[in-house]
Amino acid sequence: MCLKVNLNPMALMCSAFLLCSATLMMAGIGPDGGIVNIVRIDPVNPNVLYTGTVAGGVFKSTDRGESWKGKNTGLTNRVVHALVMDPNDSNTVYAGTGGVGRSGLFKSTDGGESWQPRNTGLANIGILSLAIDPKNSSVVYAGTGGLGEGVYKSTDGADHWERRDTGMYRYTIVYALVVDYEDSNVLYAGVDFIFGGGIYKSTDGAETWRLVTPDVPRYPSGRSIAMHPADPNTLYACMYGIQRSTDSGETWERLGSEDLTCHSINIDPTHPDTLYAGTYGRGLVRTTSGGKTWEAPSEDLSSHTLAQSIAIDPMAPNAVYIGTLSEGIFKSIDYGEHWEQKNRGLMATIIFALAIDPLNPNRLYAGTQYTYLFKSPDRGKTWEARFDERRLLRVILDLAIDPERPETLYAGGWNSHFWKSTDGGDTWQHIQDGLSEPSIYTIAIDPSRPTTIYAGTSRGFVSGGVHKSTNGGERWQDMSRGFPSYTVIGSILVDFIFPTTVYASTIDYGVFKSTDQGENWQLSSKGLDPRVDRLAMDPKDSSLLYAATRTGVFKSTDGADSWRPSNNGLELPIAALAIDWNDSNVIYVAAYSNGVFKSTDGGQSWTATNKGLSYLDVQTLAIDPGDSNRIYAGSWGGGVFVSNDGGKTWE
């Protein structure tokens with residue numbers, strides 16, 4: 001019996017706004033890749049590159065992107081939005097991290113080997129952009145992303161900071177900063193704010209700012225700025241399409257067609273008429289005419305591949321790198337004509353769901369955020385990406401395998417309804433019939449009738465319920481009678497002895513129970529914390545249940561009629577639960593950033609079991625149906641880890 005644990009809905013909210021943090025991060029067994037926010041090339045030694053990822057921290061390559069290693073010692077927030085190297089000493093690197101909780105600016109003086117926080121004068125806010133004065137590298141600028149924030153300036157190499165956003169709108173998110181290389185008193189900031197965005201310009205070293213935007217039907221969003229390498233008066237920017245200014249931002253003209261909605265842009269330093277832009281819907285585009293015409297440079301990249309960052313080798317501009325929203329790093333060595341993924345060692349995937357083939361435990365599936373579905377035929381030694389043709393299933397919140405026909409695989413996604421594959425994930429069918437809510441948080445299969453499936457649904461984070469299908473997910477019926485109007489379903493369990501009994505956990509009211517196959521539901525949470533993220537059922541006694549909550553593990557021995565805490569030795573809160581199918585006294589829990597804990601006495605006591613689990617932010621657990629000593633842990637930004645000895649050691 002394969003026990004799966006699925007995504008905590010609030011964890012998705014955390015990732016959606018890039019607000020999460022953790023302490024330790026190293027690679028597991030895969031899959032490689034992840035969400036890459038920024039790519040930077042050492043201007044002195046182009047063999048060296050850095051990437052900042054959305055959950056895995058900083059990675060470094062010393063062989064032009066052929067391989068990567070995590071460089072996160074001292075980096076207490078792994079959501080990295082911005083990286084910049086000192087132009088006079090490229091071993092000095094600054095990293096801007098995002099969100100709340102230990103956010104801010106980090107500095108390395110040893111090429112990323114270690115990091116120290118440099119936040120004196122900075123609020124505890126996310127840093128989305130960084131720039132260094134090319135004439136005085138002690139002057140550093142940081143663009144922030146919090147309400148009421150803007151630009152900060154340091155004149156002592158980031159030791160101290162002062163806010164410098166006079167003239168900026170109060171609610172400003174600064175996505176891009178550029179300093180004029182001839183007159184470093186001139187700066188440009190690409191911003192969003194509550195009513196729109198655009199470009200701010202300063203001519204006095206960030207003391208004051210004024211808004212300079214193109215004449216467009218609505219306020220543009222200033223996502224990226226590139227300055228011409230030979231003429232600082234010429235700027236290119238992503239705001240309401242691709243815009244160009246030839247008079248230092250005073251006036252702008254739109255380049256390309258209406259559908260070129262731009263996210264990132266960069267200029268070939270030796271051929272300034274050649275530019276690359278990452279767009280929504282058309283993928284990476286290139287111009288060799290200064291923006292007069294644009295084309296997709298290669299069929300190697302999908303139109304769904306969003307380039308969030310573009311880096312061009314200053315010494316060999318035929319070499320171009322892009323960091324993507326969903327597929328890690330790509331590299332071209334022929335000006336973008338052909339591309340290859342370069343993700344070896346770049347293990348920054350966010351794993352929300354794990355599923356193991358019950359008849360072939362070698363086959364393992366991992367559902368991720370924005371990096372699609374991964375499939376391993378050899379217990380995680382190698383991985384292959386699997387996605388639907390339109391790539392709509394980007395955030396996979398849960399996976400379930402038909403126990404009788406394991407080639408049939410079900411997936412639930414964020415804002416993408418229900419998905420079904422009958423060939424082991426190679427191709428997918430998108431199903432919406434009867435699903436009134438767009439997000440599927442959790443999937444449960446009736447073990448006595450595998451064509452009967454339950455799905456926990458939601459619209460955003462404010463309303464949801466249970467839907468049921470009796471024909472293998474082809475059509476659905478709302479089965480939410482008895483639930484509050486506003487709730488989110490975290491997990492569903494079907495009683496394997498009495499399949500008319502179904503349990504559903506919510507993140508705000510506790511556990512609900514149905515004894516009529518989901519027709520009616522009653523609250524069944526006596527003694528239970530109302531914030532229940534996960535449920536697990538004893539594989540031998542279906543009346544014995546465990547609940548993962550913010551205040552720890554709760555246990556019920558009477559089919560959810562009553563609950564009591566079972567937290568001796570645990571770190572809180574709890575993200576995931578898994579019960580050993582061979583010995584149900586053995587239970588594993590994932591305690592968010594505190595790693596994995598194990599109980600051998602039915603939850604009476606717990607012991608941390610994290611040797612080798614150097615990435616402690618675990619979101620999901622799965623036990624091999626053929627070997628109960630083999631456990632998989634899906635992490636927030638470190639990929640999948642595995643233990644072959646019942647959690648004693650991990651790799």
# chains A, B, ... in the order shown; residues from 1 in each chain; ligands from 1

$ residues_around --residues "segment 233-238 of chain A" --least-positions-apart "5" --cutoff "7 Å" --atoms "only C-alpha atoms" --output "list in words"
Gly222, Arg223, Ser224, Ile225, Ala226, Met227, His228, Gln243, Arg244, Ser245, Thr246, Asp247, Ser248, Gly249, Cys262, His263, Ser264 and Ile265 of chain A

$ residues_around --residues "Asp558 of chain A" --least-positions-apart "6" --cutoff "12 Å" --atoms "only C-alpha atoms" --output "PyMOL selection string"
chain A and resi 524-526+537-538+541-546+564

$ atom_distance --atom1 "atom CA of Gly634 of chain A" --atom2 "atom CA of Thr620 of chain A"
5.0 Å

$ residues_around --residues "Trp414 of chain A" --least-positions-apart "4" --cutoff "9 Å" --atoms "only C-alpha atoms" --output "list in words"
Leu12, Leu393, Arg394, Val395, Ile396, Leu397, Pro438, Ser439, Ile440, Tyr441, Ser458 and Gly460 of chain A

$ atom_distance --atom1 "atom CA of Asn610 of chain A" --atom2 "atom CA of Lys598 of chain A"
9.8 Å

$ residues_around --residues "segment 401-411 of chain A" --least-positions-apart "2" --cutoff "10 Å" --atoms "only C-alpha atoms" --output "PDB file with C-alpha atoms, in the first residue's frame"
ATOM      1  CA  MET A   1       0.000   0.000   0.000  1.00  0.00           C
ATOM      2  CA  CYS A   2       1.477   3.341  -1.035  1.00  0.00           C
ATOM      3  CA  ALA A 353       3.469  15.428  -4.525  1.00  0.00           C
ATOM      4  CA  ALA A 355       3.448   8.750  -6.024  1.00  0.00           C
ATOM      5  CA  ILE A 356       4.885   5.264  -6.464  1.00  0.00           C
ATOM      6  CA  ASP A 357       3.569   2.618  -8.838  1.00  0.00           C
ATOM      7  CA  PRO A 358       2.060  -0.044  -6.514  1.00  0.00           C
ATOM      8  CA  LEU A 359       2.903  -2.876  -8.919  1.00  0.00           C
ATOM      9  CA  ASN A 360       6.294  -1.579 -10.012  1.00  0.00           C
ATOM     10  CA  ARG A 363       8.518   3.774 -11.064  1.00  0.00           C
ATOM     11  CA  TYR A 365       6.446  10.233  -9.975  1.00  0.00           C
ATOM     12  CA  GLY A 367       4.712  16.658  -8.985  1.00  0.00           C
ATOM     13  CA  LEU A 373       5.588  16.198 -13.700  1.00  0.00           C
ATOM     14  CA  LEU A 393      -0.618  21.647 -15.728  1.00  0.00           C
ATOM     15  CA  VAL A 395       1.612  23.447 -10.482  1.00  0.00           C
ATOM     16  CA  ILE A 396       0.891  19.833  -9.531  1.00  0.00           C
ATOM     17  CA  LEU A 397      -0.589  19.641  -6.059  1.00  0.00           C
ATOM     18  CA  ASP A 398      -1.393  15.938  -5.929  1.00  0.00           C
ATOM     19  CA  LEU A 399      -0.897  12.665  -7.781  1.00  0.00           C
ATOM     20  CA  GLY A 413      -3.292  21.259 -10.201  1.00  0.00           C
ATOM     21  CA  SER A 416      -6.099  23.931 -13.792  1.00  0.00           C
ATOM     22  CA  HIS A 417      -8.803  21.410 -12.830  1.00  0.00           C
ATOM     23  CA  PHE A 418      -8.274  17.642 -13.164  1.00  0.00           C
ATOM     24  CA  TRP A 419      -5.882  15.682 -15.382  1.00  0.00           C
ATOM     25  CA  LYS A 420      -5.810  12.031 -16.391  1.00  0.00           C
ATOM     26  CA  SER A 421      -3.167   9.935 -18.124  1.00  0.00           C
ATOM     27  CA  THR A 422      -3.627   6.339 -19.254  1.00  0.00           C
ATOM     28  CA  ASP A 423      -0.039   5.838 -20.418  1.00  0.00           C
ATOM     29  CA  GLY A 424       2.000   6.486 -17.319  1.00  0.00           C
ATOM     30  CA  GLY A 425       2.071  10.250 -17.647  1.00  0.00           C
ATOM     31  CA  ASP A 426       3.277  10.477 -21.251  1.00  0.00           C
ATOM     32  CA  TRP A 428      -2.708  13.876 -20.599  1.00  0.00           C
ATOM     33  CA  GLN A 429      -6.425  14.565 -20.809  1.00  0.00           C
ATOM     34  CA  HIS A 430      -7.709  17.804 -19.283  1.00  0.00           C
ATOM     35  CA  ILE A 440      -7.524  20.452  -7.123  1.00  0.00           C
ATOM     36  CA  TYR A 441      -5.600  20.163  -3.871  1.00  0.00           C
ATOM     37  CA  THR A 442      -5.986  16.478  -3.151  1.00  0.00           C
ATOM     38  CA  ILE A 443      -7.128  13.245  -4.843  1.00  0.00           C
ATOM     39  CA  ALA A 444      -8.299  10.013  -3.190  1.00  0.00           C
ATOM     40  CA  ILE A 445      -9.202   6.748  -4.932  1.00  0.00           C
ATOM     41  CA  ASP A 446     -11.740   4.356  -3.435  1.00  0.00           C
ATOM     42  CA  PRO A 447      -9.645   1.176  -3.014  1.00  0.00           C
ATOM     43  CA  SER A 448     -12.714  -1.049  -3.425  1.00  0.00           C
ATOM     44  CA  ARG A 449     -13.805   0.692  -6.651  1.00  0.00           C
ATOM     45  CA  PRO A 450     -10.858   2.494  -8.255  1.00  0.00           C
ATOM     46  CA  THR A 451     -13.081   4.256 -10.772  1.00  0.00           C
ATOM     47  CA  ILE A 453     -12.410   9.205  -7.120  1.00  0.00           C
ATOM     48  CA  GLY A 472     -12.539   7.441 -13.509  1.00  0.00           C
ATOM     49  CA  GLY A 473     -12.569  11.207 -13.402  1.00  0.00           C
TER      50      GLY A 473
END

$ closest_residue --among "A:Leu346, A:Ile322, A:Val80, A:Met239" --to "Phe59 of chain A" --atoms "only C-alpha atoms"
A:Leu346

$ residues_around --residues "Thr515 of chain A" --least-positions-apart "2" --cutoff "10 Å" --atoms "only C-alpha atoms" --output "list in words"
Asp495, Phe498, Pro499, Thr500, Thr501, Val502, Tyr503, Lys513, Gln517, Gly518, Glu519, Asn520, Trp521 and Gln522 of chain A

$ write_last_selection --atoms "all heavy atoms" --output "CSV table (one decimal), in the first residue's frame"
chain,number,residue,atom,x,y,z
A,495,ASP,N,-12.1,5.0,3.7
A,495,ASP,CA,-11.9,3.9,4.6
A,495,ASP,C,-11.8,2.6,3.7
A,495,ASP,O,-12.7,2.3,2.9
A,495,ASP,CB,-13.1,3.8,5.5
A,495,ASP,CG,-12.9,2.7,6.6
A,495,ASP,OD1,-12.5,1.6,6.3
A,495,ASP,OD2,-13.3,3.1,7.8
A,498,PHE,N,-14.6,0.0,5.2
A,498,PHE,CA,-15.9,0.5,5.0
A,498,PHE,C,-15.9,1.7,4.0
A,498,PHE,O,-15.8,2.8,4.5
A,498,PHE,CB,-16.6,0.9,6.3
A,498,PHE,CG,-16.6,-0.2,7.4
A,498,PHE,CD1,-15.7,-0.2,8.4
A,498,PHE,CD2,-17.5,-1.3,7.3
A,498,PHE,CE1,-15.7,-1.2,9.4
A,498,PHE,CE2,-17.5,-2.3,8.2
A,498,PHE,CZ,-16.6,-2.2,9.3
A,499,PRO,N,-15.8,1.4,2.7
A,499,PRO,CA,-15.6,2.5,1.8
A,499,PRO,C,-16.7,3.5,1.7
A,499,PRO,O,-16.6,4.5,1.0
A,499,PRO,CB,-15.4,1.8,0.5
A,499,PRO,CG,-16.0,0.4,0.6
A,499,PRO,CD,-15.9,0.1,2.1
A,500,THR,N,-17.8,3.3,2.4
A,500,THR,CA,-18.9,4.3,2.4
A,500,THR,C,-18.4,5.5,3.4
A,500,THR,O,-19.0,6.5,3.3
A,500,THR,CB,-20.2,3.7,3.0
A,500,THR,OG1,-19.9,3.1,4.2
A,500,THR,CG2,-20.8,2.7,2.0
A,501,THR,N,-17.4,5.2,4.2
A,501,THR,CA,-16.9,6.2,5.1
A,501,THR,C,-15.7,7.0,4.4
A,501,THR,O,-14.7,6.3,4.0
A,501,THR,CB,-16.4,5.6,6.4
A,501,THR,OG1,-17.5,5.0,7.0
A,501,THR,CG2,-15.9,6.6,7.3
A,502,VAL,N,-15.8,8.3,4.4
A,502,VAL,CA,-14.8,9.1,3.8
A,502,VAL,C,-14.5,10.3,4.8
A,502,VAL,O,-15.4,10.8,5.4
A,502,VAL,CB,-15.3,9.7,2.5
A,502,VAL,CG1,-14.1,10.4,1.8
A,502,VAL,CG2,-15.9,8.6,1.6
A,503,TYR,N,-13.2,10.6,4.9
A,503,TYR,CA,-12.8,11.7,5.7
A,503,TYR,C,-12.2,12.8,4.9
A,503,TYR,O,-11.5,12.6,3.9
A,503,TYR,CB,-11.7,11.3,6.7
A,503,TYR,CG,-12.2,10.1,7.6
A,503,TYR,CD1,-12.0,8.8,7.2
A,503,TYR,CD2,-12.8,10.4,8.8
A,503,TYR,CE1,-12.4,7.7,8.1
A,503,TYR,CE2,-13.2,9.3,9.7
A,503,TYR,CZ,-13.0,8.0,9.3
A,503,TYR,OH,-13.4,7.0,10.1
A,513,LYS,N,-16.4,14.2,8.3
A,513,LYS,CA,-16.6,12.8,8.0
A,513,LYS,C,-17.9,12.5,7.3
A,513,LYS,O,-19.0,13.1,7.7
A,513,LYS,CB,-16.6,12.0,9.4
A,513,LYS,CG,-16.8,10.5,9.3
A,513,LYS,CD,-16.7,9.9,10.7
A,513,LYS,CE,-16.9,8.4,10.6
A,513,LYS,NZ,-16.7,7.8,12.0
A,517,GLN,N,-20.7,7.9,1.5
A,517,GLN,CA,-19.9,8.0,0.2
A,517,GLN,C,-19.9,9.5,-0.2
A,517,GLN,O,-19.9,9.8,-1.4
A,517,GLN,CB,-20.5,7.2,-0.9
A,517,GLN,CG,-20.3,5.7,-0.6
A,517,GLN,CD,-20.8,4.8,-1.7
A,517,GLN,OE1,-21.9,5.0,-2.2
A,517,GLN,NE2,-20.0,3.8,-2.1
A,518,GLY,N,-19.9,10.4,0.8
A,518,GLY,CA,-19.7,11.8,0.4
A,518,GLY,C,-21.0,12.6,0.2
A,518,GLY,O,-21.0,13.8,-0.1
A,519,GLU,N,-22.2,11.9,0.4
A,519,GLU,CA,-23.4,12.6,0.2
A,519,GLU,C,-23.6,13.7,1.2
A,519,GLU,O,-24.1,14.8,0.9
A,519,GLU,CB,-24.6,11.6,0.2
A,519,GLU,CG,-24.6,10.6,-0.9
A,519,GLU,CD,-25.0,11.3,-2.2
A,519,GLU,OE1,-25.6,12.4,-2.2
A,519,GLU,OE2,-24.7,10.7,-3.3
A,520,ASN,N,-23.3,13.4,2.5
A,520,ASN,CA,-23.4,14.4,3.6
A,520,ASN,C,-22.2,14.3,4.4
A,520,ASN,O,-21.5,13.3,4.6
A,520,ASN,CB,-24.6,14.0,4.4
A,520,ASN,CG,-25.9,14.1,3.6
A,520,ASN,OD1,-26.5,15.1,3.5
A,520,ASN,ND2,-26.4,12.9,3.2
A,521,TRP,N,-21.8,15.5,5.0
A,521,TRP,CA,-20.6,15.6,5.8
A,521,TRP,C,-21.0,16.2,7.2
A,521,TRP,O,-21.8,17.1,7.3
A,521,TRP,CB,-19.6,16.4,5.1
A,521,TRP,CG,-19.1,15.9,3.8
A,521,TRP,CD1,-19.7,16.0,2.6
A,521,TRP,CD2,-18.0,15.1,3.6
A,521,TRP,NE1,-19.0,15.4,1.6
A,521,TRP,CE2,-17.9,14.8,2.2
A,521,TRP,CE3,-17.0,14.6,4.5
A,521,TRP,CZ2,-16.9,14.0,1.7
A,521,TRP,CZ3,-16.0,13.8,3.9
A,521,TRP,CH2,-15.9,13.5,2.6
A,522,GLN,N,-20.3,15.7,8.2
A,522,GLN,CA,-20.4,16.3,9.6
A,522,GLN,C,-19.0,16.6,10.1
A,522,GLN,O,-18.1,15.8,9.9
A,522,GLN,CB,-21.1,15.3,10.5
A,522,GLN,CG,-22.6,15.0,10.1
A,522,GLN,CD,-22.6,13.8,9.1
A,522,GLN,OE1,-21.8,12.9,9.1
A,522,GLN,NE2,-23.6,13.9,8.2

$ closest_residue --among "A:Gly552, A:Gly256, A:Gly559, A:Gly28" --to "Gly637 of chain A" --atoms "only C-alpha atoms"
A:Gly28

$ residues_around --residues "Ser154 of chain A" --least-positions-apart "2" --cutoff "12 Å" --atoms "only C-alpha atoms" --output "JSON, numbers by chain"
{"A": [105, 118, 119, 120, 121, 122, 130, 131, 132, 133, 136, 137, 138, 139, 140, 141, 142, 143, 151, 152, 156, 157, 158, 159, 160, 161, 162, 163, 164, 205, 206]}

$ atom_distance --atom1 "atom CA of Phe641 of chain A" --atom2 "atom CA of Asn629 of chain A"
13.6 Å

$ select_by_dssp --residues "segment 354-415 of chain A" --states "strand (DSSP E or B)" --output "short mmCIF file (atom, residue, chain, number, x, y, z; two decimals) with C-alpha atoms, in the first residue's frame"
data_model
loop_
_atom_site.label_atom_id
_atom_site.label_comp_id
_atom_site.auth_asym_id
_atom_site.auth_seq_id
_atom_site.Cartn_x
_atom_site.Cartn_y
_atom_site.Cartn_z
CA LEU A 354 5.03 11.97 -4.75
CA ALA A 355 3.45 8.75 -6.02
CA ILE A 356 4.89 5.26 -6.46
CA LEU A 364 8.30 7.02 -9.14
CA TYR A 365 6.45 10.23 -9.98
CA ALA A 366 7.07 13.72 -8.59
CA GLY A 367 4.71 16.66 -8.99
CA THR A 368 6.31 20.09 -8.83
CA GLN A 369 5.64 23.79 -8.93
CA LEU A 373 5.59 16.20 -13.70
CA PHE A 374 8.77 14.17 -13.42
CA LYS A 375 8.89 10.41 -13.90
CA SER A 376 11.66 8.08 -12.81
CA GLU A 384 12.24 12.58 -17.33
CA ALA A 385 9.91 15.56 -17.56
CA ARG A 386 6.32 14.90 -18.58
CA VAL A 395 1.61 23.45 -10.48
CA ILE A 396 0.89 19.83 -9.53
CA LEU A 397 -0.59 19.64 -6.06
CA ASP A 398 -1.39 15.94 -5.93
CA LEU A 399 -0.90 12.66 -7.78
CA ALA A 400 -2.79 9.38 -7.51
CA ILE A 401 -2.27 6.04 -9.26
CA LEU A 409 -2.43 8.36 -13.34
CA TYR A 410 -4.40 11.30 -11.99
CA ALA A 411 -3.08 14.78 -11.26
CA GLY A 412 -4.60 17.80 -9.60
CA GLY A 413 -3.29 21.26 -10.20
#

$ closest_residue --among "A:Ile35, A:Leu325, A:Val494, A:Ala189" --to "Ile350 of chain A" --atoms "only C-alpha atoms"
A:Ile35

$ closest_residue --among "A:Tyr94, A:Tyr240, A:Trp636, A:Phe483" --to "Ser505 of chain A" --atoms "only C-alpha atoms"
A:Phe483
